[in-house]
Structure formats: structure tokens, C-alpha cells
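The file my_file_21.cif comes next; it holds mmCIF, C-alpha atoms.
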data_final
#
loop_
_atom_site.label_atom_id
_atom_site.label_comp_id
_atom_site.auth_asym_id
_atom_site.auth_seq_id
_atom_site.Cartn_x
_atom_site.Cartn_y
_atom_site.Cartn_z
CA THR Z 1 70.46 45.21 168.19
CA ASP Z 2 67.19 45.38 166.24
CA ASN Z 3 66.69 41.61 166.50
CA MET Z 4 67.46 41.67 170.22
CA ILE Z 5 64.86 44.41 170.80
CA LYS Z 6 62.32 42.39 168.79
CA GLN Z 7 63.16 39.34 170.91
CA TRP Z 8 62.64 41.32 174.13
CA HIS Z 9 59.27 42.60 172.92
CA SER Z 10 58.20 39.06 171.99
CA ILE Z 11 59.23 37.56 175.32
CA GLU Z 12 57.56 40.29 177.34
CA SER Z 13 54.40 40.24 175.22
CA VAL Z 14 54.00 36.47 175.60
CA PHE Z 15 54.53 36.65 179.35
CA ARG Z 16 52.06 39.52 179.78
CA PHE Z 17 49.49 37.75 177.58
CA MET Z 18 49.94 34.56 179.62
CA THR Z 19 49.32 36.38 182.88
CA THR Z 20 46.41 38.41 181.48
CA CYS Z 21 44.60 35.27 180.31
CA ALA Z 22 45.20 33.24 183.47
CA PRO Z 23 42.25 32.84 185.80
CA PRO Z 24 42.90 34.26 189.26
CA ARG Z 25 43.74 31.83 192.03
CA SER Z 26 43.43 32.92 195.61
CA THR Z 27 46.05 30.55 197.05
CA THR Z 28 48.99 32.61 195.84
CA THR Z 29 48.91 36.29 196.70
CA LEU Z 30 51.41 38.71 195.23
CA VAL Z 31 52.42 42.17 196.40
CA GLY Z 32 49.46 44.51 196.13
CA GLY Z 33 46.93 41.71 196.61
CA ALA Z 34 47.03 40.44 193.02
CA HIS Z 35 46.66 36.72 192.47
CA ASN Z 36 48.96 34.53 190.45
CA TYR Z 37 47.69 31.43 188.68
CA TYR Z 38 51.12 30.14 187.76
CA GLU Z 39 53.68 28.76 190.18
CA ARG Z 40 56.23 27.58 187.61
CA VAL Z 41 56.79 28.88 184.13
CA GLY Z 42 58.86 27.69 181.17
CA LEU Z 43 59.82 30.14 178.44
CA PHE Z 44 61.33 28.57 175.33
CA ARG Z 45 62.37 30.38 172.17
CA LEU Z 46 60.83 29.19 168.95
CA ASP Z 47 64.12 29.38 167.05
CA ALA Z 48 65.61 26.49 169.03
CA PHE Z 49 65.11 22.74 168.76
CA TYR Z 50 65.37 20.74 171.98
CA PRO Z 51 66.12 17.06 171.14
CA GLU Z 52 65.34 15.85 174.68
CA PRO Z 53 62.18 16.48 176.72
CA ILE Z 54 62.52 19.20 179.37
CA SER Z 55 60.40 18.97 182.50
CA ILE Z 56 60.03 22.19 184.44
CA MET Z 57 58.58 20.21 187.36
CA ASP Z 58 61.41 17.69 187.99
CA ASN Z 59 63.03 19.65 190.80
CA LEU Z 60 60.91 22.34 192.41
CA LEU Z 61 63.93 23.57 194.36
CA GLU Z 62 65.40 24.85 191.08
CA LYS Z 63 63.96 28.35 191.11
CA ALA Z 64 65.63 29.80 188.02
CA VAL Z 65 67.11 27.47 185.38
CA VAL Z 66 68.94 28.44 182.21
CA PRO Z 67 71.02 26.21 179.93
CA ASN Z 68 74.79 26.03 180.12
CA PHE Z 69 76.72 27.12 177.07
CA LEU Z 70 77.60 23.72 175.60
CA TRP Z 71 79.75 24.90 172.72
CA GLY Z 72 82.56 26.74 174.53
CA SER Z 73 85.93 25.37 175.47
CA ASP Z 74 85.58 26.57 179.08
CA PRO Z 75 81.88 26.76 180.07
CA GLU Z 76 82.72 27.73 183.66
CA SER Z 77 84.45 30.94 182.57
CA LEU Z 78 81.53 31.79 180.29
CA GLU Z 79 79.08 31.45 183.20
CA LYS Z 80 80.84 34.19 185.16
CA GLU Z 81 80.07 36.83 182.53
CA LEU Z 82 77.24 35.49 180.39
CA MET Z 83 73.79 33.94 180.75
CA ASN Z 84 72.20 31.92 177.98
CA ASP Z 85 69.08 33.69 176.71
CA ARG Z 86 67.52 30.82 174.74
CA MET Z 87 65.25 29.53 177.49
CA PHE Z 88 64.29 29.84 181.14
CA TYR Z 89 62.19 27.88 183.55
CA GLY Z 90 61.47 28.21 187.23
CA SER Z 91 59.27 30.03 189.68
CA TYR Z 92 56.78 32.57 188.41
CA SER Z 93 58.46 35.50 190.15
CA TYR Z 94 61.88 34.81 188.62
CA ALA Z 95 60.35 34.07 185.21
CA SER Z 96 58.67 37.47 185.45
CA VAL Z 97 62.04 39.17 185.91
CA TRP Z 98 63.57 37.22 183.01
CA ALA Z 99 60.65 38.09 180.73
CA THR Z 100 59.56 41.61 181.70
CA GLN Z 101 62.41 43.63 183.21
CA ARG Z 102 64.80 43.96 180.26
CA PHE Z 103 63.58 47.32 178.98
CA LYS Z 104 63.28 48.72 182.48
CA TYR Z 105 66.86 47.71 183.35
CA ALA Z 106 68.53 48.74 180.05
CA ARG Z 107 69.07 52.39 181.00
CA ASN Z 108 70.61 51.40 184.35
CA TYR Z 109 72.81 48.82 182.65
CA THR Z 110 74.25 51.27 180.13
CA ARG Z 111 74.92 53.81 182.91
CA ILE Z 112 76.35 51.37 185.49
CA TYR Z 113 78.61 49.50 183.05
CA ASN Z 114 79.32 52.51 180.82
CA ALA Z 115 78.10 50.45 177.90
CA SER Z 116 77.34 52.08 174.57
CA ASP Z 117 75.77 48.90 173.26
CA ILE Z 118 74.18 45.82 174.78
CA HIS Z 119 75.38 42.25 174.33
CA SER Z 120 72.35 40.05 175.05
CA GLU Z 121 73.97 37.32 177.18
CA THR Z 122 76.10 39.78 179.18
CA PHE Z 123 73.11 42.04 179.74
CA LEU Z 124 70.92 39.14 180.87
CA LYS Z 125 73.55 38.01 183.40
CA ARG Z 126 73.68 41.53 184.92
CA LEU Z 127 69.88 41.85 184.87
CA MET Z 128 69.44 38.64 186.84
CA GLU Z 129 72.18 39.63 189.30
CA HIS Z 130 70.55 43.05 189.78
CA TYR Z 131 67.23 41.44 190.71
CA LYS Z 132 68.99 38.76 192.82
CA VAL Z 133 67.65 35.88 190.75
CA PRO Z 134 69.40 32.58 191.59
CA ASP Z 135 71.70 31.37 188.85
CA HIS Z 136 71.10 27.66 188.26
CA ARG Z 137 72.68 26.23 185.12
CA LYS Z 138 71.87 22.86 183.59
CA ASP Z 139 73.27 20.95 180.66
CA ILE Z 140 70.28 21.34 178.37
CA CYS Z 141 71.01 20.63 174.76
CA PHE Z 142 69.36 22.72 172.07
CA TYR Z 143 70.13 23.51 168.49
CA ARG Z 144 69.65 27.01 167.17
CA ILE Z 145 67.53 27.10 164.04
CA ARG Z 146 68.74 29.66 161.53
CA THR Z 147 66.36 31.65 159.32
CA THR Z 148 67.24 29.26 156.47
CA GLY Z 149 65.95 26.35 158.57
CA LEU Z 150 69.43 24.86 159.05
CA LEU Z 151 70.52 23.88 162.54
CA LYS Z 152 73.66 25.20 164.26
CA THR Z 153 75.12 21.76 164.82
CA LEU Z 154 77.96 22.74 167.17
CA ASP Z 155 75.67 23.91 169.98
CA CYS Z 156 75.95 20.65 171.96
CA LYS Z 157 79.47 19.39 171.40
CA VAL Z 158 80.61 19.38 175.04
CA LYS Z 159 80.09 16.93 177.92
CA GLY Z 160 78.95 14.01 175.78
CA MET Z 161 75.81 15.75 174.59
CA PHE Z 162 76.49 15.62 170.88
CA TYR Z 163 73.74 13.80 168.93
CA PRO Z 164 75.43 12.43 165.80
CA ASP Z 165 72.45 10.29 164.65
CA PHE Z 166 70.17 13.28 164.85
CA LEU Z 167 72.68 15.51 163.09
CA GLU Z 168 73.21 13.03 160.26
CA LYS Z 169 69.56 13.50 159.36
CA PHE Z 170 69.23 17.25 159.84
CA SER Z 171 72.57 19.03 159.58
CA THR Z 172 72.55 19.29 155.80
CA VAL Z 173 68.86 19.87 155.22
CA SER Z 174 66.41 22.43 156.38
CA PHE Z 175 64.78 21.65 159.72
CA PHE Z 176 61.49 22.81 158.23
CA GLU Z 177 61.49 20.12 155.51
CA GLY Z 178 60.47 17.50 158.06
CA LEU Z 179 57.59 19.50 159.50
#

Is it possible to express this structure as C-alpha cells?
Amino acid sequence: TDNMIKQWHSIESVFRFMTTCAPPRSTTTLVGGAHNYYERVGLFRLDAFYPEPISIMDNLLEKAVVPNFLWGSDPESLEKELMNDRMFYGSYSYASVWATQRFKYARNYTRIYNASDIHSETFLKRLMEHYKVPDHRKDICFYRIRTTGLLKTLDCKVKGMFYPDFLEKFSTVSFFEGL
């Protein structure tokens, strides 16, 4: 729970810093007359390695994109209850919900679902449903980097997205050795 709370603070702080430092742009007006410089935003955790480039501009109709779980035996059943919290990209308004509404929604979540604790991926799924954020999943491969620097090599074993050449180099050594 402590690490999850730290993660939430980090995500929200980065998003708020980003919006504070952005110059105003008058073409996009938000509620209350504020201006938004960003139209699309990508939020990527630093403890993940993405072996393929990810363009947040490829399909502007994708308003809220998160990665599929690529390590489960039945990803479709996981999607009904969980939402991957490793990254998000899409429209500014939906990115804002993903990044800044977790603390605000936590009390409601524990009351509505009678939850004594919070599981991050379950909570995120309910948060996005509560704010009516579209749920668009993509097969985006990433490897979780552990505090030791080792990669979790089973993260992309489904749907032909396993990278054996990459893993031969990095699965037994620290990711940080090559940096």
C-alpha cells in the first residue's frame, strides 16, 4: 500500500507540474475558462522498459489507451475487473482523470465496494468507470524493472509478443548495467 500511495503522489505531481509549466493556449478552453496547452498526453512509469516505440499520435480517435495484460492465460477476463496501471496515453481530459483523481476517489471506492484495502489495478478500473473514461486496450509490450535492475521477463509472453533475443541479453543481468 505504501508503494502504491507513493506511485499515486508521483503520477499526480508530474501531471500537475506539467500543466503548471505549460504556456496557455487560447484555442482549447476548459470549464471555468482555463486554457489547456496539451491535447494528448502520455504517462509512462519509469520502472518499465518498452522495447518498441509507442506513438501517442497514431490514432487520435483512441481517447484513453492502456496496455493489455500480456502475461495472463485469459486476458479478456482480466480486462473485466482490472486495468493496467503501468502507462496511459490519450486525450488531456482523460489523462487528467488517470493522473489526478485517485486520492479523491479512494474514499468513495472503499465505501461503494466495501473494500478495506485497495488493489491498484482493480481500483484503477473502477476509477475510470466512475469518471466514464473510455476503456481502450492495446497490446503494448513492456517489461517491469525490479529494484535490483532485473527485468520481469514473463510480462510479454502472450500473442506472439515475446522478445527472446532481447531477453537473452538482459534477463540474467541488471538492466542498469547497460545504461

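Across the chains present, the PyMOL selection byres ((chain Z and resi 88) around 8) applied to this file returns Gly42, Leu43, Phe44, Ala64, Val65, Val66, Pro67, Asp85, Arg86, Met87, Tyr89, Gly90, Ala95 and Trp98 of chain Z.
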
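Between atom CA of Tyr92 of chain Z and atom CA of Pro51 of chain Z the interatomic distance comes to 25.0 Å.
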
Residues matched by the PyMOL selection byres ((chain Z and resi 1) around 12), written as a CSV table (one decimal) with C-alpha atoms, keeping the file's coordinate frame:
chain,number,residue,atom,x,y,z
Z,2,ASP,CA,67.2,45.4,166.2
Z,3,ASN,CA,66.7,41.6,166.5
Z,4,MET,CA,67.5,41.7,170.2
Z,5,ILE,CA,64.9,44.4,170.8
Z,6,LYS,CA,62.3,42.4,168.8
Z,7,GLN,CA,63.2,39.3,170.9
Z,8,TRP,CA,62.6,41.3,174.1
Z,116,SER,CA,77.3,52.1,174.6
Z,117,ASP,CA,75.8,48.9,173.3
Z,118,ILE,CA,74.2,45.8,174.8
Z,119,HIS,CA,75.4,42.2,174.3
Z,120,SER,CA,72.4,40.0,175.0

Legend entry - Shortest interatomic distance to Tyr94 of chain Z - which of Z:Arg16, Z:Arg111, Z:Arg126, Z:Lys132, counting only C-alpha atoms: Z:Lys132

Inset, instruction - Name the residues that the PyMOL selection byres ((chain Z and resi 137) around 10) pulls out of this structure, and write them as a ChimeraX atom specification. - result: /Z:62,64-69,79,83-84,88,134-136,138-140

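What separates atom CA of Thr122 of chain Z from atom CA of Asp58 of chain Z is a distance of 28.0 Å.
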
With 8 Å of padding per side, what axis-aligned box (centre and edge lengths, Å, one decimal) covers all the listed atoms of segment 85-98 of chain Z? Give it as JSON.
{"center_x": 62.9, "center_y": 33.5, "center_z": 182.4, "size_x": 28.3, "size_y": 27.3, "size_z": 31.4}

Could N, CA and C atoms be built for segment 93-113 of chain Z and written out as a tab-separated table (two decimals), in the frame of the given file?
chain	number	residue	atom	x	y	z
Z	93	SER	N	57.87	34.19	189.86
Z	93	SER	CA	58.46	35.50	190.15
Z	93	SER	C	59.78	35.70	189.41
Z	94	TYR	N	60.61	34.68	189.33
Z	94	TYR	CA	61.88	34.81	188.62
Z	94	TYR	C	61.67	34.81	187.11
Z	95	ALA	N	60.69	34.05	186.63
Z	95	ALA	CA	60.35	34.07	185.21
Z	95	ALA	C	59.87	35.47	184.81
Z	96	SER	N	59.15	36.11	185.71
Z	96	SER	CA	58.67	37.47	185.45
Z	96	SER	C	59.83	38.44	185.25
Z	97	VAL	N	60.85	38.32	186.07
Z	97	VAL	CA	62.04	39.17	185.91
Z	97	VAL	C	62.69	38.89	184.56
Z	98	TRP	N	62.91	37.61	184.25
Z	98	TRP	CA	63.57	37.22	183.01
Z	98	TRP	C	62.80	37.75	181.80
Z	99	ALA	N	61.48	37.75	181.89
Z	99	ALA	CA	60.65	38.09	180.73
Z	99	ALA	C	60.28	39.57	180.63
Z	100	THR	N	60.18	40.28	181.76
Z	100	THR	CA	59.56	41.61	181.70
Z	100	THR	C	60.44	42.77	182.15
Z	101	GLN	N	61.62	42.53	182.64
Z	101	GLN	CA	62.41	43.63	183.21
Z	101	GLN	C	63.54	44.12	182.32
Z	102	ARG	N	63.66	43.60	181.13
Z	102	ARG	CA	64.80	43.96	180.26
Z	102	ARG	C	64.78	45.44	179.86
Z	103	PHE	N	63.64	45.92	179.39
Z	103	PHE	CA	63.58	47.32	178.98
Z	103	PHE	C	63.77	48.25	180.18
Z	104	LYS	N	63.18	47.90	181.28
Z	104	LYS	CA	63.28	48.72	182.48
Z	104	LYS	C	64.74	48.83	182.96
Z	105	TYR	N	65.49	47.74	182.85
Z	105	TYR	CA	66.86	47.71	183.35
Z	105	TYR	C	67.89	48.26	182.35
Z	106	ALA	N	67.55	48.37	181.09
Z	106	ALA	CA	68.53	48.74	180.05
Z	106	ALA	C	69.21	50.07	180.33
Z	107	ARG	N	68.46	51.09	180.73
Z	107	ARG	CA	69.07	52.39	181.00
Z	107	ARG	C	70.07	52.29	182.16
Z	108	ASN	N	69.68	51.59	183.22
Z	108	ASN	CA	70.61	51.40	184.35
Z	108	ASN	C	71.86	50.66	183.91
Z	109	TYR	N	71.68	49.63	183.11
Z	109	TYR	CA	72.81	48.82	182.65
Z	109	TYR	C	73.81	49.68	181.88
Z	110	THR	N	73.34	50.46	180.93
Z	110	THR	CA	74.25	51.27	180.13
Z	110	THR	C	74.97	52.31	180.99
Z	111	ARG	N	74.30	52.83	182.01
Z	111	ARG	CA	74.92	53.81	182.91
Z	111	ARG	C	75.92	53.13	183.86
Z	112	ILE	N	75.50	52.05	184.51
Z	112	ILE	CA	76.35	51.37	185.49
Z	112	ILE	C	77.61	50.81	184.84
Z	113	TYR	N	77.47	50.17	183.70
Z	113	TYR	CA	78.61	49.50	183.05
Z	113	TYR	C	79.22	50.34	181.94
